[in-house]
$ cat coords-v1.txt   # compact mmCIF, C-alpha atoms
# COMPACT_ATOMS: atom_id res chain seq x y z
CA MET M 763 64.45 -17.68 25.31
CA ARG M 764 61.37 -17.93 27.46
CA ASN M 765 61.76 -14.24 28.45
CA LEU M 766 62.18 -13.25 24.80
CA THR M 767 58.92 -14.99 23.90
CA LYS M 768 57.07 -13.04 26.58
CA VAL M 769 58.49 -9.76 25.30
CA LEU M 770 57.48 -10.50 21.73
CA LEU M 771 53.94 -11.52 22.73
CA THR M 772 53.55 -8.36 24.78
CA ALA M 773 54.82 -6.23 21.89
CA GLY M 774 52.35 -7.86 19.51
CA PHE M 775 49.45 -7.18 21.85
CA LEU M 776 50.44 -3.53 22.21
CA VAL M 777 50.63 -3.18 18.43
CA PHE M 778 47.08 -4.52 18.21
CA LEU M 779 45.85 -1.91 20.70
CA ALA M 780 47.68 0.84 18.87
CA ALA M 781 45.95 -0.07 15.61
CA LEU M 782 42.57 0.74 17.11
CA GLN M 783 43.07 4.50 17.52
CA PRO M 784 46.01 5.79 15.47
CA ALA M 785 46.94 9.48 15.54
CA ARG M 786 49.46 11.63 13.69
CA ALA M 787 52.77 12.04 15.53
CA ASN M 788 53.85 15.44 16.82
CA HIS M 789 57.62 15.26 16.30
CA GLY M 790 58.82 18.71 15.31
CA ALA M 791 61.37 21.41 15.97
CA GLY M 792 61.76 21.92 19.72
CA SER M 793 59.78 18.87 20.86
CA VAL M 794 61.21 16.77 23.69
CA TYR M 795 60.34 13.19 24.59
CA LEU M 796 60.92 10.54 27.23
CA SER M 797 60.69 6.80 26.48
CA PRO M 798 60.72 4.34 29.41
CA VAL M 799 61.67 0.94 27.92
CA LEU M 800 61.70 -2.70 28.95
CA ASP M 801 64.28 -4.68 26.96
CA HIS M 802 65.77 -8.10 26.60
CA TRP M 803 69.53 -8.53 26.41
CA MET M 804 70.73 -11.29 24.09
CA GLU M 805 74.32 -12.40 23.55
CA TYR M 806 75.14 -13.32 19.99
CA GLN M 807 78.96 -13.27 20.26
CA THR M 808 80.37 -15.28 23.15
CA PRO M 809 83.84 -13.86 23.94
CA ASN M 810 82.42 -11.61 26.67
CA LEU M 811 80.64 -14.63 28.19
CA LEU M 812 77.54 -12.59 29.13
CA ASP M 813 74.32 -14.55 29.41
CA ASP M 814 70.87 -13.41 28.21
CA GLY M 815 68.83 -11.33 30.62
CA PRO M 816 66.29 -8.53 31.14
CA MET M 817 67.13 -4.85 30.71
CA TRP M 818 65.26 -1.65 31.52
CA GLY M 819 65.81 2.10 31.49
CA THR M 820 64.90 5.15 29.51
CA ARG M 821 65.65 6.90 26.26
CA PHE M 822 65.18 10.64 25.93
CA GLY M 823 65.77 13.27 23.31
CA ILE M 824 65.00 16.55 21.60
CA ASP M 825 63.91 17.06 18.00
CA LEU M 826 65.76 19.62 15.93
CA CYS M 827 63.12 19.20 13.23
CA SER M 828 60.47 16.61 12.42
CA PHE M 829 63.11 14.38 10.73
CA PHE M 830 66.21 14.74 12.89
CA GLY M 831 67.07 14.97 16.57
CA VAL M 832 69.45 14.04 19.39
CA GLU M 833 68.71 11.03 21.64
CA GLY M 834 70.33 9.81 24.84
CA PHE M 835 69.93 6.57 26.79
CA ALA M 836 70.50 5.16 30.26
CA LEU M 837 69.97 1.37 30.63
CA ARG M 838 70.57 -1.35 33.18
CA GLY M 839 70.46 -5.12 32.70
CA ILE M 840 70.89 -8.25 34.83
CA THR M 841 73.26 -10.90 33.44
CA GLU M 842 75.85 -13.50 34.44
CA VAL M 843 79.52 -13.99 33.72
CA SER M 844 80.20 -17.59 32.76
CA PRO M 845 83.52 -18.64 31.23
CA ASP M 846 82.02 -22.01 30.40
CA ASP M 847 78.38 -22.82 29.68
CA ARG M 848 78.75 -26.52 30.59
CA PRO M 849 76.64 -27.84 33.51
CA GLY M 850 78.29 -27.21 36.85
CA ALA M 851 80.37 -24.31 35.57
CA THR M 852 80.83 -21.25 37.74
CA HIS M 853 78.34 -18.40 37.18
CA VAL M 854 78.83 -14.96 38.68
CA ASN M 855 75.89 -12.48 38.84
CA ALA M 856 76.55 -9.10 37.25
CA LEU M 857 74.87 -5.78 36.38
CA TYR M 858 75.30 -4.32 32.91
CA ASP M 859 74.93 -0.50 32.70
CA ALA M 860 75.00 1.47 29.46
CA PHE M 861 74.62 5.20 28.86
CA GLY M 862 75.38 7.62 26.06
CA ALA M 863 73.92 9.90 23.37
CA GLY M 864 73.76 10.20 19.61
CA ALA M 865 71.76 11.12 16.55
CA ARG M 866 68.30 9.94 15.51
CA LEU M 867 66.76 10.08 12.01
CA ASN M 868 62.93 10.02 11.85
CA ILE M 869 60.89 8.89 8.86
CA PRO M 870 57.30 10.06 9.71
CA ILE M 871 54.49 8.15 7.98
CA GLY M 872 51.23 9.38 9.49
CA SER M 873 50.81 7.78 12.91
CA ALA M 874 53.91 5.58 12.46
CA VAL M 875 57.46 6.93 12.81
CA PRO M 876 60.22 4.50 11.78
CA PHE M 877 63.65 5.73 12.86
CA LEU M 878 67.39 4.98 12.71
CA ASN M 879 69.73 5.58 15.65
CA LEU M 880 73.47 5.88 16.14
CA ALA M 881 74.98 6.68 19.56
CA ALA M 882 78.24 6.46 21.51
CA GLY M 883 78.78 6.03 25.23
CA LYS M 884 80.10 3.77 27.95
CA ALA M 885 79.26 0.22 29.04
CA MET M 886 79.96 -0.83 32.62
CA MET M 887 80.05 -4.35 34.17
CA ARG M 888 79.56 -4.72 37.95
CA LEU M 889 80.14 -8.23 39.40
CA ASP M 890 79.03 -9.49 42.78
CA TYR M 891 82.72 -10.17 43.41
CA PRO M 892 85.91 -10.03 41.33
CA VAL M 893 86.90 -13.17 39.45
CA SER M 894 90.53 -14.20 39.05
CA ARG M 895 90.15 -17.76 37.80
CA ILE M 896 87.12 -19.83 36.96
CA ASN M 897 87.12 -23.52 36.18
CA ASN M 898 90.86 -23.55 35.55
CA MET M 899 90.48 -20.91 32.87
CA PRO M 900 92.82 -17.90 32.89
CA VAL M 901 90.04 -15.37 33.36
CA SER M 902 90.30 -12.13 35.31
CA VAL M 903 87.30 -9.80 35.80
CA ALA M 904 87.47 -6.91 38.24
CA GLY M 905 84.50 -5.93 40.37
CA LYS M 906 83.89 -3.08 37.90
CA GLU M 907 84.88 -3.05 34.26
CA THR M 908 84.22 -0.13 31.84
CA ARG M 909 84.35 -0.26 28.04
CA ASN M 910 83.72 2.09 25.17
CA LEU M 911 80.31 1.47 23.57
CA ILE M 912 78.66 2.17 20.24
CA VAL M 913 74.90 1.53 19.91
CA TYR M 914 73.21 1.48 16.53
CA GLY M 915 69.94 0.13 15.26
CA ALA M 916 66.40 0.93 14.25
CA GLY M 917 62.96 1.20 15.76
CA LEU M 918 59.37 2.18 15.29
CA GLU M 919 57.05 4.50 17.18
CA TYR M 920 53.28 4.11 16.73
CA PHE M 921 51.21 6.97 18.16
CA LEU M 922 47.87 6.37 19.85
CA HIS M 923 47.67 10.11 20.53
CA ARG M 924 49.62 12.93 18.95
CA ASN M 925 51.77 13.05 22.12
CA VAL M 926 51.69 9.39 23.27
CA GLY M 927 52.99 6.40 21.34
CA LEU M 928 54.32 2.88 21.62
CA ARG M 929 58.01 2.30 20.91
CA PHE M 930 59.80 -0.79 19.59
CA ASP M 931 63.62 -1.02 19.39
CA VAL M 932 66.26 -3.35 17.94
CA PHE M 933 69.85 -2.26 18.75
CA ASP M 934 73.36 -3.70 18.61
CA HIS M 935 75.68 -2.95 21.54
CA TYR M 936 79.18 -2.91 20.10
CA LEU M 937 82.06 -3.02 22.65
CA ASP M 938 85.61 -2.13 21.68
CA ARG M 939 86.76 -5.24 23.71
CA ASP M 940 85.09 -7.83 25.90
CA PHE M 941 84.93 -7.71 29.69
CA MET M 942 87.30 -10.66 30.22
CA ASN M 943 90.96 -10.00 30.94
CA GLY M 944 93.67 -12.56 30.35
CA ASP M 945 91.63 -15.32 28.74
CA ARG M 946 93.10 -17.27 25.92
CA ARG M 947 90.72 -15.71 23.42
CA GLY M 948 92.32 -12.28 23.85
CA ASN M 949 90.60 -8.89 24.10
CA ARG M 950 88.11 -9.20 21.27
CA LYS M 951 85.48 -6.75 20.06
CA THR M 952 81.96 -8.02 20.83
CA HIS M 953 78.32 -7.53 19.79
CA ASN M 954 75.13 -8.04 21.79
CA TRP M 955 71.44 -7.62 20.77
CA GLU M 956 68.96 -5.42 22.60
CA PHE M 957 65.24 -5.96 21.86
CA GLY M 958 62.98 -3.42 23.54
CA VAL M 959 59.43 -2.13 23.89
CA GLY M 960 58.29 1.06 25.64
CA VAL M 961 56.14 4.16 25.64
CA THR M 962 57.08 7.55 24.15
CA LEU M 963 55.78 10.69 25.86
CA LEU M 964 56.20 13.64 23.51
CA ALA M 965 55.73 17.34 24.33
CA GLY M 966 56.73 20.84 23.29
CA ALA M 967 56.27 20.93 19.53
CA ARG M 968 53.48 22.80 17.87
CA GLU M 969 51.74 21.13 15.02
CA ARG M 970 52.36 23.39 12.08
CA ALA M 971 49.41 23.85 9.82
CA LYS M 972 50.21 23.73 6.16
CA VAL M 973 49.87 27.09 4.51
CA ARG M 974 47.19 26.67 1.85
CA ASP M 975 47.09 28.77 -1.28
CA SER M 976 44.27 27.28 -3.35
CA ASP M 977 44.65 29.59 -6.36
CA GLY M 978 48.47 29.63 -6.28
CA ASP M 979 48.77 33.43 -6.30
CA GLY M 980 51.27 33.53 -3.43
CA VAL M 981 48.73 34.77 -0.85
CA PRO M 982 47.58 32.23 1.79
CA ASP M 983 43.88 31.38 1.72
CA GLU M 984 43.35 32.84 5.19
CA ALA M 985 44.47 36.27 3.94
CA ASP M 986 43.22 35.98 0.34
CA ARG M 987 40.19 38.22 -0.25
CA CYS M 988 39.90 37.00 -3.86
CA PRO M 989 40.51 33.23 -3.56
CA GLY M 990 39.50 32.32 -7.11
CA THR M 991 42.14 34.33 -8.99
CA PRO M 992 43.16 32.60 -12.27
CA ALA M 993 46.69 31.20 -12.46
CA GLY M 994 49.37 33.68 -13.51
CA VAL M 995 47.39 36.84 -12.72
CA GLU M 996 49.35 39.51 -10.82
CA VAL M 997 47.72 40.33 -7.48
CA TYR M 998 47.93 42.77 -4.59
CA SER M 999 49.04 41.66 -1.12
CA ASN M 1000 45.41 40.82 -0.28
CA GLY M 1001 45.21 38.35 -3.18
CA CYS M 1002 42.99 40.47 -5.45
CA PRO M 1003 44.00 41.08 -9.11
CA ILE M 1004 45.78 44.33 -9.98
CA ASP M 1005 43.40 47.09 -11.17
CA SER M 1006 45.64 49.92 -12.38
CA ASP M 1007 42.92 52.45 -13.29
CA ARG M 1008 40.76 51.58 -10.25
CA ASP M 1009 37.61 51.15 -12.32
CA GLY M 1010 36.60 47.88 -10.66
CA VAL M 1011 37.71 45.70 -13.61
CA PRO M 1012 41.07 43.90 -13.04
CA ASP M 1013 43.82 44.48 -15.58
CA TYR M 1014 43.67 40.95 -16.99
CA LEU M 1015 40.03 41.58 -18.03
CA ASP M 1016 40.27 45.35 -18.73
CA ARG M 1017 40.19 46.21 -22.45
CA CYS M 1018 40.41 49.93 -21.65
CA PRO M 1019 43.13 50.01 -18.96
CA ASP M 1020 43.52 53.83 -18.84
CA THR M 1021 39.95 54.85 -17.99
CA PRO M 1022 39.90 58.21 -16.13
CA PRO M 1023 38.92 58.03 -12.43
CA GLY M 1024 35.19 58.17 -11.74
CA THR M 1025 34.20 56.99 -15.24
CA GLU M 1026 31.32 54.52 -15.37
CA VAL M 1027 32.52 51.39 -17.19
CA ASP M 1028 31.06 48.11 -18.44
CA GLN M 1029 32.27 44.57 -17.64
CA GLN M 1030 35.19 44.98 -20.05
CA GLY M 1031 36.41 48.16 -18.35
CA CYS M 1032 35.36 50.52 -21.14
CA GLU M 1033 33.33 53.69 -20.69
CA VAL M 1034 29.57 53.23 -20.81
CA GLU M 1035 27.86 55.41 -23.41
CA LYS M 1036 25.21 57.36 -21.56
CA LYS M 1037 21.81 57.75 -23.21
CA PRO M 1038 20.13 61.19 -23.06
CA GLU M 1039 17.63 61.46 -20.28
CA PRO M 1040 14.02 61.53 -21.52
CA ALA M 1041 12.20 64.85 -21.34
CA PRO M 1042 10.07 65.15 -18.22
CA GLN M 1043 6.43 64.27 -18.80
CA PRO M 1044 3.67 66.35 -17.29
CA PRO M 1045 1.80 64.60 -14.49
CA ALA M 1046 -1.33 62.71 -15.49
CA ASP M 1047 -4.66 64.55 -15.05
CA SER M 1048 -7.47 62.25 -16.15
CA ASP M 1049 -10.37 64.67 -15.58
CA GLY M 1050 -8.49 67.73 -16.88
CA ASP M 1051 -9.19 69.86 -13.82
CA GLY M 1052 -5.57 70.99 -13.46
CA VAL M 1053 -4.85 68.83 -10.42
CA PRO M 1054 -2.55 65.80 -11.07
CA ASP M 1055 -4.12 62.40 -10.44
CA GLU M 1056 -1.67 61.64 -7.63
CA ARG M 1057 -3.11 64.58 -5.63
CA ASP M 1058 -6.68 64.62 -7.01
CA GLN M 1059 -9.16 63.67 -4.29
CA GLU M 1060 -12.04 63.69 -6.83
CA PRO M 1061 -10.59 62.11 -9.99
CA TYR M 1062 -13.90 62.26 -11.92
CA THR M 1063 -14.71 65.97 -11.66
CA PRO M 1064 -16.93 67.09 -14.60
CA GLU M 1065 -15.25 69.02 -17.34
CA GLY M 1066 -15.38 72.76 -16.72
CA ALA M 1067 -15.99 72.51 -12.95
CA THR M 1068 -14.10 74.83 -10.60
CA VAL M 1069 -11.94 72.82 -8.14
CA ASP M 1070 -9.75 73.52 -5.11
CA ALA M 1071 -6.07 72.53 -4.66
CA GLY M 1072 -7.09 68.95 -3.82
CA GLY M 1073 -9.16 68.53 -6.98
CA ARG M 1074 -12.47 68.74 -5.10
CA ALA M 1075 -15.30 70.48 -7.01
CA LEU M 1076 -16.51 73.78 -5.52
CA ASP M 1077 -20.28 74.22 -5.12
CA ALA M 1078 -21.11 77.64 -3.63
CA ASP M 1079 -24.93 77.15 -3.52
CA GLY M 1080 -24.71 73.52 -2.40
CA ASP M 1081 -27.05 72.20 -5.10
CA GLY M 1082 -24.71 69.39 -6.18
CA VAL M 1083 -23.72 71.06 -9.46
CA PRO M 1084 -20.07 72.24 -9.33
CA ASP M 1085 -19.25 75.88 -9.86
CA GLY M 1086 -18.12 76.54 -13.40
CA ILE M 1087 -20.85 74.41 -14.96
CA ASP M 1088 -23.70 75.62 -12.70
CA ARG M 1089 -25.88 77.87 -14.87
CA CYS M 1090 -27.95 78.91 -11.85
CA PRO M 1091 -25.23 79.50 -9.24
CA ASP M 1092 -27.51 81.02 -6.58
CA THR M 1093 -30.22 78.33 -6.37
CA PRO M 1094 -31.73 78.10 -2.86
CA PRO M 1095 -30.83 74.85 -1.05
CA SER M 1096 -34.49 73.81 -0.80
CA LEU M 1097 -35.02 73.54 -4.57
CA ALA M 1098 -34.23 70.48 -6.66
CA VAL M 1099 -32.11 71.29 -9.68
CA ASP M 1100 -31.29 69.68 -12.95
CA ALA M 1101 -27.85 68.80 -14.32
CA ARG M 1102 -27.29 72.47 -15.16
CA GLY M 1103 -27.94 73.54 -11.57
CA CYS M 1104 -31.29 75.15 -12.36
CA PRO M 1105 -34.61 74.41 -10.56
CA LYS M 1106 -36.78 71.66 -12.06
CA ALA M 1107 -40.29 70.44 -11.46
CA GLU M 1108 -39.98 66.91 -12.84
CA PRO M 1109 -37.00 64.75 -13.58
CA GLU M 1110 -35.77 65.13 -17.10
CA LEU M 1111 -36.13 62.01 -19.18
CA PHE M 1112 -33.48 61.82 -21.90
CA THR M 1113 -31.07 59.51 -23.74
CA VAL M 1114 -27.25 59.60 -23.53
CA ARG M 1115 -24.97 58.21 -26.21
CA VAL M 1116 -21.37 57.19 -25.48
CA PHE M 1117 -19.17 56.49 -28.53
CA PHE M 1118 -16.14 54.15 -28.66
CA GLU M 1119 -13.03 53.64 -30.77
CA VAL M 1120 -12.80 50.77 -33.24
CA ASN M 1121 -12.78 47.38 -31.49
CA ARG M 1122 -12.41 49.07 -28.07
CA ALA M 1123 -14.59 48.98 -24.95
CA GLY M 1124 -12.98 51.70 -22.81
CA VAL M 1125 -14.94 54.86 -21.94
CA ARG M 1126 -13.15 57.91 -23.31
CA PRO M 1127 -12.59 60.90 -20.98
CA GLY M 1128 -14.61 63.14 -23.28
CA PHE M 1129 -17.80 61.40 -22.11
CA PHE M 1130 -17.09 61.60 -18.39
CA GLY M 1131 -19.12 64.83 -18.15
CA GLU M 1132 -22.27 63.30 -19.63
CA LEU M 1133 -21.98 60.19 -17.45
CA ASN M 1134 -21.41 62.33 -14.35
CA ARG M 1135 -24.63 64.13 -15.20
CA VAL M 1136 -26.39 60.75 -15.31
CA ILE M 1137 -24.92 59.88 -11.91
CA GLY M 1138 -26.26 63.14 -10.44
CA LEU M 1139 -29.79 62.57 -11.80
CA MET M 1140 -29.83 59.01 -10.47
CA LYS M 1141 -28.96 60.28 -6.99
CA GLU M 1142 -31.68 62.94 -7.13
CA ASN M 1143 -34.35 60.54 -8.47
CA PRO M 1144 -34.11 57.30 -6.53
CA LYS M 1145 -37.00 55.68 -8.45
CA VAL M 1146 -35.47 56.04 -11.90
CA VAL M 1147 -33.98 52.95 -13.61
CA LEU M 1148 -31.32 52.98 -16.35
CA GLU M 1149 -31.33 50.87 -19.49
CA ILE M 1150 -27.85 50.56 -21.04
CA VAL M 1151 -27.60 48.97 -24.49
CA GLY M 1152 -24.29 48.46 -26.31
CA TYR M 1153 -23.85 48.49 -30.12
CA THR M 1154 -21.10 47.96 -32.72
CA ASP M 1155 -20.64 48.79 -36.37
CA HIS M 1156 -21.17 46.19 -39.11
CA VAL M 1157 -17.47 45.15 -39.31
CA GLY M 1158 -16.71 41.67 -37.89
CA THR M 1159 -18.71 38.53 -37.21
CA ALA M 1160 -22.04 38.68 -35.45
CA ALA M 1161 -20.80 36.66 -32.47
CA ASP M 1162 -17.77 38.87 -31.98
CA ASN M 1163 -19.89 42.01 -32.27
CA VAL M 1164 -22.32 40.80 -29.60
CA LYS M 1165 -19.44 40.18 -27.20
CA LEU M 1166 -17.90 43.58 -27.95
CA SER M 1167 -21.26 45.34 -27.45
CA GLN M 1168 -21.66 43.60 -24.08
CA ARG M 1169 -18.21 44.75 -22.95
CA ARG M 1170 -19.08 48.35 -23.92
CA ALA M 1171 -22.33 48.26 -21.95
CA ARG M 1172 -20.51 46.84 -18.91
CA ALA M 1173 -17.83 49.56 -19.14
CA VAL M 1174 -20.50 52.30 -18.92
CA ARG M 1175 -22.30 50.50 -16.09
CA ASP M 1176 -19.03 50.12 -14.12
CA TYR M 1177 -18.30 53.83 -14.48
CA LEU M 1178 -21.76 54.74 -13.15
CA ILE M 1179 -21.51 52.29 -10.25
CA THR M 1180 -18.09 53.70 -9.36
CA GLY M 1181 -19.73 57.12 -9.21
CA GLY M 1182 -22.30 55.88 -6.65
CA VAL M 1183 -25.22 54.50 -8.72
CA ASP M 1184 -26.96 51.51 -7.12
CA PRO M 1185 -26.16 48.39 -9.26
CA GLY M 1186 -29.77 47.20 -8.79
CA ARG M 1187 -31.03 50.21 -10.72
CA VAL M 1188 -28.99 49.48 -13.84
CA GLU M 1189 -29.93 47.04 -16.63
CA ILE M 1190 -27.49 46.25 -19.46
CA ALA M 1191 -27.64 44.43 -22.78
CA GLY M 1192 -25.36 43.82 -25.76
CA ALA M 1193 -27.26 44.20 -29.05
CA GLY M 1194 -24.39 43.62 -31.46
CA GLU M 1195 -24.57 45.63 -34.73
CA TYR M 1196 -26.48 48.91 -34.73
CA PRO M 1197 -29.96 48.19 -36.17
CA LEU M 1198 -29.69 50.26 -39.34
CA GLU M 1199 -28.88 49.44 -42.89
CA LYS M 1200 -25.20 49.43 -43.65
CA GLY M 1201 -24.05 52.75 -45.01
CA ARG M 1202 -26.98 54.83 -43.74
CA LEU M 1203 -24.90 56.13 -40.83
CA ASP M 1204 -21.25 56.77 -40.41
CA SER M 1205 -19.66 53.73 -38.74
CA ALA M 1206 -18.40 55.95 -35.91
CA ARG M 1207 -22.02 56.69 -34.97
CA GLN M 1208 -22.73 52.99 -34.71
CA ARG M 1209 -19.96 52.23 -32.17
CA CYS M 1210 -21.93 53.43 -29.16
CA VAL M 1211 -23.76 52.70 -25.93
CA VAL M 1212 -27.25 54.16 -25.44
CA VAL M 1213 -28.24 55.06 -21.87
CA ARG M 1214 -32.02 55.57 -21.35
CA PHE M 1215 -33.87 56.70 -18.25
CA ARG M 1216 -36.93 54.67 -17.35
CA ARG M 1217 -39.31 55.25 -14.46
$ encode --input "coords-v1.txt" --output "structure tokens"
Amino acid sequence: MRNLTKVLLTAGFLVFLAALQPARANHGAGSVYLSPVLDHWMEYQTPNLLDDGPMWGTRFGIDLCSFFGVEGFALRGITEVSPDDRPGATHVNALYDAFGAGARLNIPIGSAVPFLNLAAGKAMMRLDYPVSRINNMPVSVAGKETRNLIVYGAGLEYFLHRNVGLRFDVFDHYLDRDFMNGDRRGNRKTHNWEFGVGVTLLAGARERAKVRDSDGDGVPDEADRCPGTPAGVEVYSNGCPIDSDRDGVPDYLDRCPDTPPGTEVDQQGCEVEKKPEPAPQPPADSDGDGVPDERDQEPYTPEGATVDAGGRALDADGDGVPDGIDRCPDTPPSLAVDARGCPKAEPELFTVRVFFEVNRAGVRPGFFGELNRVIGLMKENPKVVLEIVGYTDHVGTAADNVKLSQRRARAVRDYLITGGVDPGRVEIAGAGEYPLEKGRLDSARQRCVVVRFRR
């Protein structure tokens, strides 16, 4: 019993170690294993008169699948033959050998594999010397006795690694008759316990990955190019829904399933009604010189000026007045000219009026010519200063009209500055309503900006 206690304590300690790092077992079709074991032999029926003792050996097998396999065993134990257990009785040392093969049923549960075992084989008793009579008992045991053996029982494997595990066994060795010949008990069938612990070394099986099909369409996820297909939808071999008319809308969503090839369709698979294309619009030409704005290198050419292909104004006599509006086209370069391109003695002092649309402050293209003329005179007469005063009609509140008149004056100033006029030579003011009695002038004449030259 002392040896049994040691075995049980050792087994408990190994179970504790195994619990620290469990791993899933790798039993599967084609795997092979070898299990060296250290056992304890225990007699629980006495006719064979075998005493308790240690046993060792190996169990080995091959798995036909993860649940079933074939297992063999080869064991040896040390025991004694004792016809009488009383003190002083004769004891003869003996070796007990057992070998055979049978079936094994696995019950995998994660890292633990409980199993059942049933095997048949031979049991062999080898004595130090033959016994013919012991203690006046009619006992006869040859130097070697062989019996038929059936081993059945259960066990547990606990895997620390997918290929390495601890093994625990409990088996019954069933003999068709005991090893004693001629005793008064007769040739009786006997049972003996085997308690064992060992290590299982497993190899050869491949861990089969479960084939996943998340959307249940019959195509594994690894090959499914459309993994979110709704349940019950018919799919191609690549997992994508059937699209009979090849319009990009699967049949289960297609309300127009017979769309002709190449037809543009909406999300429901029906033909998209095409809108007529808008008529082409002529390119924008802000200054009306015949050159589109996108190619016009001088977008503020005066109205009537002759321009080249890039929208640049032509000036044959170089007097700064473009051809087409130059009334004196052959003016010598040494003479100063007026806005018409004709020689002048003194700068012309005059007033320019720019009119606006109702409640608007944008300069209309029709006044670009007059303002370009102002720009030219300012460049020719560097000492001249401009006074720009904005007005409105009598409609609206006084405060709103002042603000609107200021915006109109700034719009004219900005145009002149863009054309090259020095901002320091321009003075602006917003005067609000035009200073005349209501009704004396047409309201259109009151919505203006007055530009005056001042030396």
$ atom_distance --input "coords-v1.txt" --atom1 "atom CA of Pro1084 of chain M" --atom2 "atom CA of Thr1068 of chain M"
6.6 Å
$ atom_distance --input "coords-v1.txt" --atom1 "atom CA of Asp1162 of chain M" --atom2 "atom CA of Val1120 of chain M"
13.0 Å
$ residues_around --input "coords-v1.txt" --residues "Arg1102 of chain M" --least-positions-apart "2" --cutoff "6 Å" --atoms "only C-alpha atoms" --output "PDB file with C-alpha atoms, in the coordinates of the input"
ATOM      1  CA  ASP M1088     -23.700  75.620 -12.700  1.00  0.00           C
ATOM      2  CA  ARG M1089     -25.880  77.870 -14.870  1.00  0.00           C
ATOM      3  CA  ASP M1100     -31.290  69.680 -12.950  1.00  0.00           C
ATOM      4  CA  CYS M1104     -31.290  75.150 -12.360  1.00  0.00           C
TER       5      CYS M1104
END
$ atom_distance --input "coords-v1.txt" --atom1 "atom CA of Gly1124 of chain M" --atom2 "atom CA of Val1174 of chain M"
8.5 Å
$ closest_residue --input "coords-v1.txt" --among "M:Gly1066, M:Pro1127, M:Gly1073, M:Gly1152" --to "Asp1085 of chain M" --atoms "only C-alpha atoms"
M:Gly1066
$ closest_residue --input "coords-v1.txt" --among "M:Gly1182, M:Gly905, M:Gly917, M:Gly966" --to "Asn868 of chain M" --atoms "all atoms listed in the file"
M:Gly917
$ closest_residue --input "coords-v1.txt" --among "M:Gly1050, M:Gly980, M:Pro798, M:Gly864" --to "Gly927 of chain M" --atoms "all atoms listed in the file"
M:Pro798
$ closest_residue --input "coords-v1.txt" --among "M:Arg1214, M:Arg1057, M:Lys1141, M:Lys1037" --to "Thr1113 of chain M" --atoms "all atoms listed in the file"
M:Arg1214
$ residues_near_point --input "coords-v1.txt" --point "(-24.1, 51.4, -19.2)" --cutoff "8 Å" --atoms "all atoms listed in the file" --output "list in words"
Leu1148, Glu1149, Ile1150, Val1151, Gly1152, Arg1170, Ala1171, Arg1172, Ala1173, Val1174, Arg1175, Asp1176, Tyr1177, Leu1178, Val1188, Glu1189, Ile1190, Val1211, Val1212 and Val1213 of chain M
